[in-house]
Amino acid sequence: MSYTLTLQCGCTVYVACHPQTRIAHTRVIQGRGTACRTRAHAIGVRLFLWEMLPDPAHRPRPEWVDAFEDIPQAP
Ligand SMILES: [Zn+2]
């Protein structure tokens, strides 16, 4: 019920969805893009939907995963 997205900056975001409704409720930076210049994109930081609105020129491809455990936690 969860998936990861690669943002246009290269960062990967883990999106956790509600099991029944499948509504995404949590978005966490999972990996930092090497070319990312957004300071707020630190691993473990939660994102809000409006912070990752897609660029029309960039089409993220969801990669579905099962577990939340492999998300690094913020210190
Ligand atoms: Zn980024």
# chains A, B, ... in the order shown; residues from 1 in each chain; ligands from 1
call {"tool": "residues_near_ligand", "arguments": {"ligand": "ligand 1", "cutoff": "7 Å", "atoms": "only C-alpha atoms and all ligand atoms", "output": "PyMOL selection string"}}
result
chain A and resi 7+9-11+32-33+36-38+41
call {"tool": "residues_around", "arguments": {"residues": "range 20-29 of chain A", "least_positions_apart": "4", "cutoff": "10 Å", "atoms": "only C-alpha atoms", "output": "PDB file with N, CA and C atoms, in the first residue's frame"}}
result
ATOM      1  N   MET A   1       0.838  -1.205   0.000  1.00  0.00           N
ATOM      2  CA  MET A   1       0.000   0.000   0.000  1.00  0.00           C
ATOM      3  C   MET A   1       0.870   1.250   0.000  1.00  0.00           C
ATOM      4  N   SER A   2       2.132   1.045  -0.303  1.00  0.00           N
ATOM      5  CA  SER A   2       3.056   2.170  -0.264  1.00  0.00           C
ATOM      6  C   SER A   2       3.930   2.139  -1.503  1.00  0.00           C
ATOM      7  N   TYR A   3       4.507   3.273  -1.806  1.00  0.00           N
ATOM      8  CA  TYR A   3       5.344   3.312  -2.988  1.00  0.00           C
ATOM      9  C   TYR A   3       6.388   4.406  -2.848  1.00  0.00           C
ATOM     10  N   THR A   4       7.353   4.376  -3.723  1.00  0.00           N
ATOM     11  CA  THR A   4       8.359   5.419  -3.730  1.00  0.00           C
ATOM     12  C   THR A   4       8.267   6.193  -5.032  1.00  0.00           C
ATOM     13  N   LEU A   5       8.595   7.460  -4.945  1.00  0.00           N
ATOM     14  CA  LEU A   5       8.602   8.323  -6.114  1.00  0.00           C
ATOM     15  C   LEU A   5       9.966   8.990  -6.220  1.00  0.00           C
ATOM     16  N   THR A   6      10.402   9.218  -7.442  1.00  0.00           N
ATOM     17  CA  THR A   6      11.599  10.015  -7.645  1.00  0.00           C
ATOM     18  C   THR A   6      11.165  11.405  -8.096  1.00  0.00           C
ATOM     19  N   LEU A   7      11.545  12.409  -7.317  1.00  0.00           N
ATOM     20  CA  LEU A   7      11.189  13.780  -7.666  1.00  0.00           C
ATOM     21  C   LEU A   7      12.086  14.278  -8.782  1.00  0.00           C
ATOM     22  N   CYS A  11      15.628  13.354  -5.716  1.00  0.00           N
ATOM     23  CA  CYS A  11      15.344  12.742  -4.419  1.00  0.00           C
ATOM     24  C   CYS A  11      14.254  11.686  -4.575  1.00  0.00           C
ATOM     25  N   THR A  12      14.343  10.660  -3.715  1.00  0.00           N
ATOM     26  CA  THR A  12      13.281   9.662  -3.691  1.00  0.00           C
ATOM     27  C   THR A  12      12.427   9.876  -2.453  1.00  0.00           C
ATOM     28  N   VAL A  13      11.140   9.734  -2.635  1.00  0.00           N
ATOM     29  CA  VAL A  13      10.174   9.957  -1.564  1.00  0.00           C
ATOM     30  C   VAL A  13       9.393   8.681  -1.329  1.00  0.00           C
ATOM     31  N   TYR A  14       9.301   8.295  -0.063  1.00  0.00           N
ATOM     32  CA  TYR A  14       8.477   7.152   0.312  1.00  0.00           C
ATOM     33  C   TYR A  14       7.079   7.657   0.636  1.00  0.00           C
ATOM     34  N   VAL A  15       6.082   7.077   0.010  1.00  0.00           N
ATOM     35  CA  VAL A  15       4.698   7.473   0.225  1.00  0.00           C
ATOM     36  C   VAL A  15       3.948   6.307   0.854  1.00  0.00           C
ATOM     37  N   ALA A  16       3.447   6.533   2.053  1.00  0.00           N
ATOM     38  CA  ALA A  16       2.682   5.502   2.751  1.00  0.00           C
ATOM     39  C   ALA A  16       1.201   5.767   2.547  1.00  0.00           C
ATOM     40  N   ALA A  40      15.601  21.656   2.152  1.00  0.00           N
ATOM     41  CA  ALA A  40      14.605  20.968   2.978  1.00  0.00           C
ATOM     42  C   ALA A  40      14.551  19.473   2.693  1.00  0.00           C
ATOM     43  N   HIS A  41      15.160  19.049   1.603  1.00  0.00           N
ATOM     44  CA  HIS A  41      15.111  17.639   1.239  1.00  0.00           C
ATOM     45  C   HIS A  41      16.191  16.847   1.963  1.00  0.00           C
ATOM     46  N   ALA A  42      16.005  16.656   3.244  1.00  0.00           N
ATOM     47  CA  ALA A  42      16.923  15.823   4.013  1.00  0.00           C
ATOM     48  C   ALA A  42      16.250  14.480   4.250  1.00  0.00           C
ATOM     49  N   ILE A  43      17.052  13.436   4.325  1.00  0.00           N
ATOM     50  CA  ILE A  43      16.502  12.087   4.501  1.00  0.00           C
ATOM     51  C   ILE A  43      15.722  12.015   5.810  1.00  0.00           C
ATOM     52  N   GLY A  44      14.519  11.505   5.722  1.00  0.00           N
ATOM     53  CA  GLY A  44      13.679  11.355   6.902  1.00  0.00           C
ATOM     54  C   GLY A  44      12.700  12.492   7.098  1.00  0.00           C
ATOM     55  N   VAL A  45      12.851  13.571   6.321  1.00  0.00           N
ATOM     56  CA  VAL A  45      11.975  14.723   6.465  1.00  0.00           C
ATOM     57  C   VAL A  45      10.637  14.446   5.797  1.00  0.00           C
ATOM     58  N   ARG A  46       9.582  14.838   6.485  1.00  0.00           N
ATOM     59  CA  ARG A  46       8.251  14.660   5.899  1.00  0.00           C
ATOM     60  C   ARG A  46       7.941  15.781   4.923  1.00  0.00           C
ATOM     61  N   LEU A  47       7.329  15.389   3.833  1.00  0.00           N
ATOM     62  CA  LEU A  47       6.918  16.355   2.825  1.00  0.00           C
ATOM     63  C   LEU A  47       5.401  16.463   2.810  1.00  0.00           C
ATOM     64  N   PHE A  48       4.931  17.625   2.459  1.00  0.00           N
ATOM     65  CA  PHE A  48       3.509  17.784   2.215  1.00  0.00           C
ATOM     66  C   PHE A  48       3.276  17.732   0.713  1.00  0.00           C
ATOM     67  N   LEU A  49       2.072  17.422   0.369  1.00  0.00           N
ATOM     68  CA  LEU A  49       1.768  17.199  -1.039  1.00  0.00           C
ATOM     69  C   LEU A  49       2.152  18.393  -1.901  1.00  0.00           C
ATOM     70  N   MET A  52       5.684  18.764  -3.295  1.00  0.00           N
ATOM     71  CA  MET A  52       6.208  17.846  -4.300  1.00  0.00           C
ATOM     72  C   MET A  52       5.258  17.738  -5.486  1.00  0.00           C
ATOM     73  N   ILE A  71      12.989   2.762   5.875  1.00  0.00           N
ATOM     74  CA  ILE A  71      13.094   4.212   5.785  1.00  0.00           C
ATOM     75  C   ILE A  71      14.062   4.718   6.861  1.00  0.00           C
ATOM     76  N   PRO A  72      15.084   5.426   6.477  1.00  0.00           N
ATOM     77  CA  PRO A  72      15.986   5.987   7.503  1.00  0.00           C
ATOM     78  C   PRO A  72      15.237   7.028   8.326  1.00  0.00           C
ATOM     79  N   GLN A  73      15.489   7.019   9.593  1.00  0.00           N
ATOM     80  CA  GLN A  73      14.814   7.970  10.481  1.00  0.00           C
ATOM     81  C   GLN A  73      15.683   9.198  10.684  1.00  0.00           C
ATOM     82  N   ALA A  74      15.027  10.337  10.791  1.00  0.00           N
ATOM     83  CA  ALA A  74      15.747  11.582  11.068  1.00  0.00           C
ATOM     84  C   ALA A  74      16.317  11.522  12.487  1.00  0.00           C
TER      85      ALA A  74
END
